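Read the structure below first, then the notes.
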Amino acid sequence: MTIKTVADVNTAFADERAQQLQQARDQQADLDRRVTDGTLIPLGGDRYRVNDPNSWDDGEVLHYRNGELLPQHGLDMSTGRAALYSAVPAWHGLGAIIPGGVTDIDEVLTLGRIAFTVEKVPSLYEWKGQVRTKRDKFTTVRTDRDEHNDLGVVGAKYHVVQNRDLFVFLEELVGQRGILWESAGALGNGSRVFVSTRVPDGITIDRDGLNDRIELFIMAVNSHDGSGQLEVVLTPWRPVCQNTERFGLRDATARWGIRHTSGAMSRI
């Protein structure tokens with residue numbers, strides 16, 4: 001009788017588990033080291049803010065899950081899908097990707113899931129069993145849904161700038177209708193919206209004969225929660241997530257800003 005020699009499955013199993021445990025210990029040790037040296041700031045729970053100017057992730061909030069520090073896209077997911085349109089695939093693999101891009105504003109609004117409008121309604125509070133209206137406070141709300149549609153609290157002078165106005169703003173800025181849109185989307189619950197288009201020719205840096213060409217984008221960012229003004233920047237970043245939107249503002253080479261007042265649309 002011939003006896004076939006087989007590998008010891010117990011040893012193989014033990015070796016694999018030992019490797020997994022060691023990997024987990026190494027990852028935890030790296031996390032502890034980064035917290036100790038100050039390049040990761042604990043925010044509570046499994047959240048950490050990157051504090052490393054030499055890192056792409058500087059300022060980003062990461063989540064520690066399953067032994068890994070994972071980036072968060074921050075896109076509005078309230079409709080069941082990511083609120084993003086892009087002419088090129090994004091790093092997170094989400095959104096409506098249309099190779100070559102789209103020129104029609106309303107199509108981009110739909111693809112990016114930002115076709116909603118925003119209204120300003122009186123803010124209410126309850127006092128001694130009665131519902132009362134706050135004198136100078138209003139709530140901004142999305143009109144495309146009935147629940148969880150509040151975006152923020154603003155003052156009486158706050159003027160809503162609709163999502164479509166961002167596209168019109170950029171068309172007026174470049175003096176051209178039907179421009180190609182690179183990306184558009186919303187962050188959080190829709191309280192922050194961005195849209196971008198590419199600068200046609202980019203710029204060329206000929207330092208020491210390198211002749212490097214840098215792609216530039218015109219990005220418009222608007223908030224519906226009173227946290228900031230409508231801002232347009234010239235930047236090397238195409239926004240497709242919370243991080244690249246932040247990078248776009250950080251690395252802007254030029255910028256324009258418009259406050260949310262009654263004269264906002266006339267200035268556009």
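Chain labels run A, B, ... following the order of the structure tokens; each chain numbers its residues from 1, and ligands are numbered from 1 in the order shown.
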
Mind running segment 36-96 of chain A against segment 141-163 of chain A at 12 Å and telling me each contacting residue's nearest atom pair with the distance in Å (one decimal), counting only C-alpha atoms, chain and number ascending, as JSON lines?
```
{"residue": "A:Asp76", "atom": "CA", "partner": "A:Leu151", "partner_atom": "CA", "distance": 11.9}
{"residue": "A:Ser78", "atom": "CA", "partner": "A:His148", "partner_atom": "CA", "distance": 9.0}
{"residue": "A:Thr79", "atom": "CA", "partner": "A:Arg145", "partner_atom": "CA", "distance": 9.2}
```

Inset, instruction - Show which residues sit within 9 Å of Arg259 of chain A, as a ChimeraX atom specification. Count only C-alpha atoms, and ignore same-chain residues fewer than 4 positions away. - result: /A:158-159,228-231,263-264

Legend entry - Leu180 of chain A environment, 8 Å, only C-alpha atoms, sequence neighbours closer than 4 positions dropped, as a ChimeraX atom specification: /A:101-103,197-198

Using the selection just defined, write its residues with all heavy atoms as a compact mmCIF listing (two decimals), in the first residue's frame.
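Writing done, so here's result-v7.txt:
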```txt
# COMPACT_ATOMS: atom_id res chain seq x y z
N GLY A 101 -16.60 63.78 -21.41
CA GLY A 101 -17.32 64.87 -20.78
C GLY A 101 -18.61 65.26 -21.47
O GLY A 101 -18.95 64.79 -22.55
N VAL A 102 -19.36 66.15 -20.84
CA VAL A 102 -20.67 66.62 -21.29
C VAL A 102 -20.68 68.15 -21.28
O VAL A 102 -20.06 68.77 -20.41
CB VAL A 102 -21.78 66.08 -20.36
CG1 VAL A 102 -23.14 66.68 -20.73
CG2 VAL A 102 -21.84 64.56 -20.42
N THR A 103 -21.37 68.75 -22.24
CA THR A 103 -21.46 70.21 -22.30
C THR A 103 -22.80 70.74 -21.79
O THR A 103 -22.88 71.90 -21.39
CB THR A 103 -21.27 70.70 -23.74
OG1 THR A 103 -22.27 70.11 -24.58
CG2 THR A 103 -19.89 70.32 -24.27
N THR A 197 -14.34 72.98 -14.79
CA THR A 197 -14.09 72.86 -16.23
C THR A 197 -12.60 73.08 -16.45
O THR A 197 -11.93 73.74 -15.65
CB THR A 197 -14.91 73.90 -17.03
OG1 THR A 197 -14.68 73.69 -18.43
CG2 THR A 197 -14.52 75.33 -16.68
N ARG A 198 -12.09 72.51 -17.52
CA ARG A 198 -10.66 72.60 -17.79
C ARG A 198 -10.31 73.90 -18.52
O ARG A 198 -11.05 74.35 -19.39
CB ARG A 198 -10.22 71.41 -18.64
CG ARG A 198 -8.72 71.29 -18.87
CD ARG A 198 -8.45 70.24 -19.93
NE ARG A 198 -8.96 68.94 -19.55
CZ ARG A 198 -8.24 67.98 -18.94
NH1 ARG A 198 -6.96 68.20 -18.69
NH2 ARG A 198 -8.78 66.82 -18.63
```

Inset, instruction - Using only C-alpha atoms, determine which residues lie at most 12 Å from Glu245 of chain A, disregarding the query and same-chain residues fewer than 4 positions distant; provide the list as a PyMOL selection string. - result: chain A and resi 60+73-75+183-187+192-196+217-222+231-233+235-241+249-252

As an mmCIF file with N, CA, C and O atoms, in the first residue's frame, please: every residue in segment 15-240 of chain A that DSSP puts in strand (DSSP E).
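To be explicit, this is the file written out as states_8.cif:
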```cif
data_model
loop_
_atom_site.group_PDB
_atom_site.id
_atom_site.type_symbol
_atom_site.label_atom_id
_atom_site.label_comp_id
_atom_site.auth_asym_id
_atom_site.auth_seq_id
_atom_site.Cartn_x
_atom_site.Cartn_y
_atom_site.Cartn_z
ATOM 1 N N LEU A 40 -0.478 62.121 13.153
ATOM 2 C CA LEU A 40 -1.883 61.728 13.209
ATOM 3 C C LEU A 40 -2.481 62.274 14.498
ATOM 4 O O LEU A 40 -1.933 62.058 15.576
ATOM 5 N N ILE A 41 -3.596 62.981 14.384
ATOM 6 C CA ILE A 41 -4.257 63.562 15.545
ATOM 7 C C ILE A 41 -5.541 62.782 15.825
ATOM 8 O O ILE A 41 -6.455 62.783 14.988
ATOM 9 N N PRO A 42 -5.638 62.072 16.962
ATOM 10 C CA PRO A 42 -6.870 61.334 17.278
ATOM 11 C C PRO A 42 -8.056 62.284 17.439
ATOM 12 O O PRO A 42 -7.949 63.321 18.098
ATOM 13 N N LEU A 43 -9.183 61.937 16.824
ATOM 14 C CA LEU A 43 -10.402 62.737 16.913
ATOM 15 C C LEU A 43 -11.492 62.031 17.698
ATOM 16 O O LEU A 43 -12.606 62.545 17.820
ATOM 17 N N GLY A 44 -11.168 60.849 18.213
ATOM 18 C CA GLY A 44 -12.176 60.068 18.920
ATOM 19 C C GLY A 44 -12.704 58.941 18.071
ATOM 20 O O GLY A 44 -12.838 59.076 16.850
ATOM 21 N N ARG A 47 -11.441 57.767 14.224
ATOM 22 C CA ARG A 47 -11.138 58.862 13.314
ATOM 23 C C ARG A 47 -9.844 59.567 13.702
ATOM 24 O O ARG A 47 -9.589 59.837 14.880
ATOM 25 N N TYR A 48 -9.042 59.882 12.661
ATOM 26 C CA TYR A 48 -7.766 60.562 12.869
ATOM 27 C C TYR A 48 -7.596 61.623 11.781
ATOM 28 O O TYR A 48 -7.949 61.393 10.633
ATOM 29 N N ARG A 49 -7.029 62.774 12.178
ATOM 30 C CA ARG A 49 -6.721 63.808 11.187
ATOM 31 C C ARG A 49 -5.226 63.775 10.883
ATOM 32 O O ARG A 49 -4.393 63.746 11.789
ATOM 33 N N VAL A 50 -4.880 63.797 9.600
ATOM 34 C CA VAL A 50 -3.483 63.772 9.187
ATOM 35 C C VAL A 50 -2.877 65.156 9.402
ATOM 36 O O VAL A 50 -3.444 66.168 8.990
ATOM 37 N N VAL A 61 -9.311 63.636 7.176
ATOM 38 C CA VAL A 61 -9.747 62.760 8.259
ATOM 39 C C VAL A 61 -9.817 61.333 7.729
ATOM 40 O O VAL A 61 -10.516 61.063 6.750
ATOM 41 N N LEU A 62 -9.067 60.428 8.359
ATOM 42 C CA LEU A 62 -9.037 59.029 7.973
ATOM 43 C C LEU A 62 -9.752 58.191 9.022
ATOM 44 O O LEU A 62 -9.801 58.553 10.199
ATOM 45 N N HIS A 63 -10.286 57.049 8.590
ATOM 46 C CA HIS A 63 -10.949 56.120 9.489
ATOM 47 C C HIS A 63 -10.097 54.855 9.616
ATOM 48 O O HIS A 63 -9.631 54.308 8.610
ATOM 49 N N TYR A 64 -9.907 54.402 10.854
ATOM 50 C CA TYR A 64 -9.117 53.190 11.104
ATOM 51 C C TYR A 64 -10.081 52.010 11.204
ATOM 52 O O TYR A 64 -10.816 51.858 12.177
ATOM 53 N N ARG A 65 -10.082 51.189 10.156
ATOM 54 C CA ARG A 65 -11.009 50.057 10.107
ATOM 55 C C ARG A 65 -10.296 48.828 9.588
ATOM 56 O O ARG A 65 -9.531 48.896 8.628
ATOM 57 N N GLU A 68 -6.647 49.116 8.964
ATOM 58 C CA GLU A 68 -6.154 50.010 7.925
ATOM 59 C C GLU A 68 -6.697 51.417 8.123
ATOM 60 O O GLU A 68 -7.821 51.603 8.590
ATOM 61 N N LEU A 69 -5.885 52.406 7.774
ATOM 62 C CA LEU A 69 -6.333 53.791 7.728
ATOM 63 C C LEU A 69 -6.894 54.060 6.339
ATOM 64 O O LEU A 69 -6.171 54.024 5.349
ATOM 65 N N LEU A 70 -8.184 54.298 6.267
ATOM 66 C CA LEU A 70 -8.853 54.406 4.976
ATOM 67 C C LEU A 70 -9.335 55.834 4.726
ATOM 68 O O LEU A 70 -9.901 56.482 5.614
ATOM 69 N N LEU A 84 -21.915 62.617 -7.899
ATOM 70 C CA LEU A 84 -20.721 62.992 -8.647
ATOM 71 C C LEU A 84 -20.886 62.677 -10.124
ATOM 72 O O LEU A 84 -21.318 61.583 -10.504
ATOM 73 N N TYR A 85 -20.522 63.647 -10.947
ATOM 74 C CA TYR A 85 -20.327 63.453 -12.376
ATOM 75 C C TYR A 85 -18.866 63.770 -12.663
ATOM 76 O O TYR A 85 -18.298 64.717 -12.096
ATOM 77 N N SER A 86 -18.236 62.988 -13.550
ATOM 78 C CA SER A 86 -16.852 63.275 -13.913
ATOM 79 C C SER A 86 -16.571 62.791 -15.326
ATOM 80 O O SER A 86 -17.133 61.791 -15.779
ATOM 81 N N ALA A 96 -21.114 59.060 -11.766
ATOM 82 C CA ALA A 96 -21.464 58.866 -13.175
ATOM 83 C C ALA A 96 -20.283 59.346 -14.017
ATOM 84 O O ALA A 96 -20.005 60.543 -14.081
ATOM 85 N N ILE A 97 -19.589 58.404 -14.650
ATOM 86 C CA ILE A 97 -18.401 58.725 -15.429
ATOM 87 C C ILE A 97 -18.766 58.750 -16.908
ATOM 88 O O ILE A 97 -19.226 57.743 -17.465
ATOM 89 N N VAL A 118 -32.667 74.857 -3.652
ATOM 90 C CA VAL A 118 -32.622 75.113 -2.210
ATOM 91 C C VAL A 118 -33.514 76.308 -1.894
ATOM 92 O O VAL A 118 -33.517 77.307 -2.628
ATOM 93 N N GLU A 119 -34.280 76.207 -0.821
ATOM 94 C CA GLU A 119 -35.127 77.306 -0.376
ATOM 95 C C GLU A 119 -34.755 77.704 1.051
ATOM 96 O O GLU A 119 -34.236 76.889 1.818
ATOM 97 N N LYS A 120 -35.033 78.937 1.380
ATOM 98 C CA LYS A 120 -34.797 79.459 2.733
ATOM 99 C C LYS A 120 -36.150 79.603 3.423
ATOM 100 O O LYS A 120 -37.021 80.333 2.957
ATOM 101 N N VAL A 121 -36.329 78.893 4.537
ATOM 102 C CA VAL A 121 -37.606 78.917 5.251
ATOM 103 C C VAL A 121 -37.365 79.359 6.692
ATOM 104 O O VAL A 121 -36.256 79.205 7.226
ATOM 105 N N PRO A 122 -38.382 79.892 7.356
ATOM 106 C CA PRO A 122 -38.208 80.352 8.740
ATOM 107 C C PRO A 122 -37.803 79.204 9.669
ATOM 108 O O PRO A 122 -38.283 78.075 9.536
ATOM 109 N N SER A 123 -36.904 79.493 10.593
ATOM 110 C CA SER A 123 -36.510 78.514 11.601
ATOM 111 C C SER A 123 -37.489 78.602 12.772
ATOM 112 O O SER A 123 -37.864 79.698 13.203
ATOM 113 N N LEU A 124 -37.876 77.447 13.276
ATOM 114 C CA LEU A 124 -38.871 77.382 14.347
ATOM 115 C C LEU A 124 -38.259 76.805 15.618
ATOM 116 O O LEU A 124 -37.247 76.113 15.585
ATOM 117 N N TYR A 125 -38.902 77.112 16.744
ATOM 118 C CA TYR A 125 -38.510 76.492 18.008
ATOM 119 C C TYR A 125 -39.761 76.345 18.880
ATOM 120 O O TYR A 125 -40.776 77.011 18.656
ATOM 121 N N GLU A 126 -39.686 75.445 19.854
ATOM 122 C CA GLU A 126 -40.836 75.187 20.715
ATOM 123 C C GLU A 126 -40.591 75.801 22.085
ATOM 124 O O GLU A 126 -39.523 75.630 22.679
ATOM 125 N N TRP A 127 -41.597 76.506 22.588
ATOM 126 C CA TRP A 127 -41.485 77.135 23.894
ATOM 127 C C TRP A 127 -42.832 77.056 24.610
ATOM 128 O O TRP A 127 -43.849 77.535 24.114
ATOM 129 N N GLN A 130 -45.679 75.782 22.601
ATOM 130 C CA GLN A 130 -46.034 76.513 21.393
ATOM 131 C C GLN A 130 -44.842 76.565 20.440
ATOM 132 O O GLN A 130 -43.700 76.684 20.863
ATOM 133 N N VAL A 131 -45.139 76.463 19.151
ATOM 134 C CA VAL A 131 -44.107 76.572 18.122
ATOM 135 C C VAL A 131 -43.987 78.029 17.703
ATOM 136 O O VAL A 131 -44.975 78.653 17.291
ATOM 137 N N ARG A 132 -42.775 78.549 17.828
ATOM 138 C CA ARG A 132 -42.556 79.952 17.512
ATOM 139 C C ARG A 132 -41.497 80.094 16.412
ATOM 140 O O ARG A 132 -40.742 79.173 16.143
ATOM 141 N N THR A 133 -41.469 81.264 15.809
ATOM 142 C CA THR A 133 -40.530 81.537 14.711
ATOM 143 C C THR A 133 -39.378 82.395 15.211
ATOM 144 O O THR A 133 -39.604 83.409 15.878
ATOM 145 N N LYS A 134 -38.160 81.984 14.881
ATOM 146 C CA LYS A 134 -36.999 82.790 15.232
ATOM 147 C C LYS A 134 -36.987 84.048 14.370
ATOM 148 O O LYS A 134 -37.263 83.998 13.167
ATOM 149 N N ARG A 135 -36.622 85.160 14.965
ATOM 150 C CA ARG A 135 -36.720 86.442 14.266
ATOM 151 C C ARG A 135 -35.767 86.550 13.081
ATOM 152 O O ARG A 135 -36.169 86.934 11.979
ATOM 153 N N ASP A 136 -34.509 86.262 13.293
ATOM 154 C CA ASP A 136 -33.504 86.516 12.254
ATOM 155 C C ASP A 136 -32.804 85.254 11.774
ATOM 156 O O ASP A 136 -31.722 85.337 11.190
ATOM 157 N N LYS A 137 -33.392 84.098 12.012
ATOM 158 C CA LYS A 137 -32.767 82.852 11.607
ATOM 159 C C LYS A 137 -33.664 82.090 10.638
ATOM 160 O O LYS A 137 -34.882 82.025 10.813
ATOM 161 N N PHE A 138 -33.029 81.532 9.601
ATOM 162 C CA PHE A 138 -33.750 80.759 8.599
ATOM 163 C C PHE A 138 -33.005 79.442 8.363
ATOM 164 O O PHE A 138 -31.789 79.351 8.592
ATOM 165 N N THR A 139 -33.736 78.459 7.892
ATOM 166 C CA THR A 139 -33.148 77.153 7.574
ATOM 167 C C THR A 139 -33.157 76.965 6.065
ATOM 168 O O THR A 139 -34.178 77.220 5.410
ATOM 169 N N THR A 140 -32.024 76.544 5.514
ATOM 170 C CA THR A 140 -31.964 76.214 4.087
ATOM 171 C C THR A 140 -32.315 74.742 3.920
ATOM 172 O O THR A 140 -31.803 73.879 4.644
ATOM 173 N N VAL A 141 -33.191 74.451 2.956
ATOM 174 C CA VAL A 141 -33.677 73.085 2.769
ATOM 175 C C VAL A 141 -33.612 72.691 1.297
ATOM 176 O O VAL A 141 -33.795 73.531 0.410
ATOM 177 N N ARG A 142 -33.339 71.411 1.062
ATOM 178 C CA ARG A 142 -33.407 70.853 -0.289
ATOM 179 C C ARG A 142 -34.862 70.603 -0.633
ATOM 180 O O ARG A 142 -35.644 70.111 0.194
ATOM 181 N N ASP A 150 -32.856 69.397 5.626
ATOM 182 C CA ASP A 150 -32.293 70.646 6.116
ATOM 183 C C ASP A 150 -30.786 70.657 5.909
ATOM 184 O O ASP A 150 -30.099 69.672 6.134
ATOM 185 N N LEU A 151 -30.266 71.792 5.449
ATOM 186 C CA LEU A 151 -28.846 71.912 5.129
ATOM 187 C C LEU A 151 -28.081 72.780 6.112
ATOM 188 O O LEU A 151 -26.904 72.543 6.364
ATOM 189 N N GLY A 152 -28.717 73.816 6.650
ATOM 190 C CA GLY A 152 -28.027 74.685 7.586
ATOM 191 C C GLY A 152 -28.924 75.820 8.050
ATOM 192 O O GLY A 152 -30.051 75.967 7.592
ATOM 193 N N VAL A 153 -28.392 76.597 8.980
ATOM 194 C CA VAL A 153 -29.112 77.759 9.510
ATOM 195 C C VAL A 153 -28.374 79.012 9.076
ATOM 196 O O VAL A 153 -27.158 79.128 9.259
ATOM 197 N N VAL A 154 -29.111 79.968 8.501
ATOM 198 C CA VAL A 154 -28.504 81.190 7.959
ATOM 199 C C VAL A 154 -29.247 82.411 8.475
ATOM 200 O O VAL A 154 -30.309 82.310 9.100
ATOM 201 N N GLY A 155 -28.677 83.576 8.199
ATOM 202 C CA GLY A 155 -29.287 84.815 8.642
ATOM 203 C C GLY A 155 -30.315 85.348 7.665
ATOM 204 O O GLY A 155 -30.505 84.820 6.561
ATOM 205 N N TRP A 181 -17.738 70.280 -19.273
ATOM 206 C CA TRP A 181 -17.661 70.183 -17.818
ATOM 207 C C TRP A 181 -16.830 68.976 -17.412
ATOM 208 O O TRP A 181 -17.060 67.871 -17.892
ATOM 209 N N GLU A 182 -15.856 69.209 -16.537
ATOM 210 C CA GLU A 182 -14.951 68.146 -16.104
ATOM 211 C C GLU A 182 -15.528 67.340 -14.940
ATOM 212 O O GLU A 182 -15.414 66.120 -14.917
ATOM 213 N N SER A 183 -16.118 68.012 -13.966
ATOM 214 C CA SER A 183 -16.683 67.311 -12.814
ATOM 215 C C SER A 183 -17.704 68.199 -12.131
ATOM 216 O O SER A 183 -17.679 69.423 -12.271
ATOM 217 N N ALA A 184 -18.598 67.562 -11.372
ATOM 218 C CA ALA A 184 -19.596 68.283 -10.592
ATOM 219 C C ALA A 184 -20.160 67.314 -9.563
ATOM 220 O O ALA A 184 -20.331 66.124 -9.846
ATOM 221 N N GLY A 185 -20.440 67.823 -8.369
ATOM 222 C CA GLY A 185 -20.976 66.938 -7.349
ATOM 223 C C GLY A 185 -21.279 67.683 -6.068
ATOM 224 O O GLY A 185 -21.189 68.914 -6.005
ATOM 225 N N ALA A 186 -21.644 66.908 -5.046
ATOM 226 C CA ALA A 186 -21.999 67.483 -3.754
ATOM 227 C C ALA A 186 -21.332 66.700 -2.643
ATOM 228 O O ALA A 186 -21.096 65.487 -2.758
ATOM 229 N N LEU A 187 -21.047 67.399 -1.550
ATOM 230 C CA LEU A 187 -20.420 66.795 -0.375
ATOM 231 C C LEU A 187 -21.403 66.784 0.783
ATOM 232 O O LEU A 187 -22.382 67.538 0.813
ATOM 233 N N ARG A 192 -22.727 71.323 0.357
ATOM 234 C CA ARG A 192 -21.596 71.915 -0.358
ATOM 235 C C ARG A 192 -21.544 71.317 -1.757
ATOM 236 O O ARG A 192 -21.572 70.089 -1.916
ATOM 237 N N VAL A 193 -21.440 72.169 -2.776
ATOM 238 C CA VAL A 193 -21.498 71.736 -4.171
ATOM 239 C C VAL A 193 -20.292 72.294 -4.920
ATOM 240 O O VAL A 193 -19.853 73.417 -4.660
ATOM 241 N N PHE A 194 -19.766 71.491 -5.846
ATOM 242 C CA PHE A 194 -18.630 71.946 -6.656
ATOM 243 C C PHE A 194 -18.868 71.616 -8.122
ATOM 244 O O PHE A 194 -19.623 70.697 -8.459
ATOM 245 N N VAL A 195 -18.206 72.363 -8.994
ATOM 246 C CA VAL A 195 -18.249 72.103 -10.431
ATOM 247 C C VAL A 195 -16.935 72.604 -11.010
ATOM 248 O O VAL A 195 -16.356 73.576 -10.516
ATOM 249 N N SER A 196 -16.435 71.918 -12.052
ATOM 250 C CA SER A 196 -15.164 72.346 -12.645
ATOM 251 C C SER A 196 -15.171 72.174 -14.152
ATOM 252 O O SER A 196 -15.908 71.351 -14.700
ATOM 253 N N THR A 197 -14.344 72.984 -14.794
ATOM 254 C CA THR A 197 -14.095 72.864 -16.227
ATOM 255 C C THR A 197 -12.602 73.077 -16.451
ATOM 256 O O THR A 197 -11.934 73.738 -15.653
ATOM 257 N N ARG A 198 -12.086 72.515 -17.516
ATOM 258 C CA ARG A 198 -10.655 72.604 -17.786
ATOM 259 C C ARG A 198 -10.312 73.897 -18.520
ATOM 260 O O ARG A 198 -11.051 74.345 -19.395
ATOM 261 N N ILE A 203 -1.082 75.723 -18.892
ATOM 262 C CA ILE A 203 0.048 76.639 -18.926
ATOM 263 C C ILE A 203 1.318 75.824 -19.065
ATOM 264 O O ILE A 203 1.381 74.663 -18.675
ATOM 265 N N THR A 204 2.335 76.430 -19.636
ATOM 266 C CA THR A 204 3.606 75.744 -19.828
ATOM 267 C C THR A 204 4.702 76.469 -19.059
ATOM 268 O O THR A 204 4.854 77.687 -19.177
ATOM 269 N N ILE A 205 5.439 75.715 -18.236
ATOM 270 C CA ILE A 205 6.563 76.258 -17.484
ATOM 271 C C ILE A 205 7.839 75.831 -18.186
ATOM 272 O O ILE A 205 8.115 74.636 -18.330
ATOM 273 N N ASP A 212 7.530 71.989 -19.076
ATOM 274 C CA ASP A 212 6.478 71.215 -18.411
ATOM 275 C C ASP A 212 5.123 71.874 -18.630
ATOM 276 O O ASP A 212 4.975 73.087 -18.453
ATOM 277 N N ARG A 213 4.140 71.084 -18.998
ATOM 278 C CA ARG A 213 2.781 71.587 -19.183
ATOM 279 C C ARG A 213 1.941 71.207 -17.967
ATOM 280 O O ARG A 213 1.942 70.056 -17.545
ATOM 281 N N ILE A 214 1.252 72.177 -17.397
ATOM 282 C CA ILE A 214 0.427 71.951 -16.221
ATOM 283 C C ILE A 214 -1.039 72.133 -16.597
ATOM 284 O O ILE A 214 -1.423 73.172 -17.143
ATOM 285 N N PHE A 217 -7.661 73.870 -13.957
ATOM 286 C CA PHE A 217 -9.113 73.784 -13.953
ATOM 287 C C PHE A 217 -9.681 75.025 -13.275
ATOM 288 O O PHE A 217 -9.074 75.586 -12.354
ATOM 289 N N ILE A 218 -10.833 75.444 -13.760
ATOM 290 C CA ILE A 218 -11.590 76.491 -13.077
ATOM 291 C C ILE A 218 -12.650 75.775 -12.252
ATOM 292 O O ILE A 218 -13.481 75.047 -12.796
ATOM 293 N N MET A 219 -12.583 75.948 -10.948
ATOM 294 C CA MET A 219 -13.489 75.250 -10.037
ATOM 295 C C MET A 219 -14.339 76.261 -9.276
ATOM 296 O O MET A 219 -13.829 77.250 -8.754
ATOM 297 N N ALA A 220 -15.643 75.996 -9.240
ATOM 298 C CA ALA A 220 -16.560 76.809 -8.455
ATOM 299 C C ALA A 220 -17.081 75.974 -7.291
ATOM 300 O O ALA A 220 -17.441 74.807 -7.469
ATOM 301 N N VAL A 221 -17.101 76.574 -6.112
ATOM 302 C CA VAL A 221 -17.564 75.882 -4.910
ATOM 303 C C VAL A 221 -18.592 76.764 -4.212
ATOM 304 O O VAL A 221 -18.386 77.971 -4.047
ATOM 305 N N ASN A 222 -19.698 76.152 -3.809
ATOM 306 C CA ASN A 222 -20.755 76.901 -3.137
ATOM 307 C C ASN A 222 -21.272 76.108 -1.946
ATOM 308 O O ASN A 222 -21.342 74.874 -1.996
ATOM 309 N N SER A 223 -21.618 76.805 -0.883
ATOM 310 C CA SER A 223 -22.205 76.150 0.287
ATOM 311 C C SER A 223 -23.628 76.645 0.485
ATOM 312 O O SER A 223 -23.936 77.812 0.217
ATOM 313 N N LEU A 230 -19.654 81.867 -2.163
ATOM 314 C CA LEU A 230 -19.435 81.223 -3.453
ATOM 315 C C LEU A 230 -18.023 81.613 -3.882
ATOM 316 O O LEU A 230 -17.679 82.785 -3.913
ATOM 317 N N GLU A 231 -17.207 80.612 -4.200
ATOM 318 C CA GLU A 231 -15.824 80.871 -4.538
ATOM 319 C C GLU A 231 -15.450 80.181 -5.846
ATOM 320 O O GLU A 231 -15.830 79.037 -6.078
ATOM 321 N N VAL A 232 -14.713 80.880 -6.691
ATOM 322 C CA VAL A 232 -14.216 80.334 -7.949
ATOM 323 C C VAL A 232 -12.704 80.459 -7.951
ATOM 324 O O VAL A 232 -12.170 81.527 -7.643
ATOM 325 N N VAL A 233 -12.030 79.351 -8.274
ATOM 326 C CA VAL A 233 -10.575 79.357 -8.230
ATOM 327 C C VAL A 233 -9.992 78.751 -9.499
ATOM 328 O O VAL A 233 -10.634 77.949 -10.177
ATOM 329 N N LEU A 234 -8.764 79.147 -9.791
ATOM 330 C CA LEU A 234 -7.963 78.541 -10.845
ATOM 331 C C LEU A 234 -6.995 77.602 -10.144
ATOM 332 O O LEU A 234 -6.213 78.028 -9.296
ATOM 333 N N THR A 235 -7.042 76.307 -10.469
ATOM 334 C CA THR A 235 -6.326 75.318 -9.684
ATOM 335 C C THR A 235 -5.870 74.144 -10.551
ATOM 336 O O THR A 235 -6.483 73.860 -11.587
#
```

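Compared by their closest atoms to Asn51 of chain A, and using only C-alpha atoms, the residues A:Phe169, A:Val35, A:Gly178, A:Asn66 rank with A:Val35 nearest.
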
Inset, instruction - Take atom CA of Gln22 of chain A and atom CA of Thr39 of chain A and report the distance between them in Å, one decimal. - result: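 Going from atom CA of Gln22 of chain A over to atom CA of Thr39 of chain A covers 23.2 Å.
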
Legend entry - Computed interatomic separation between atom CA of Asn189 of chain A and atom CA of Pro99 of chain A (Å):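 Those two atoms sit 26.4 Å apart.
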
Inset, instruction - Within segment 89-184 of chain A, find each residue whose DSSP state, derived from the backbone, is alpha helix (DSSP H), and express the selection as a count of residues only. - result: 19
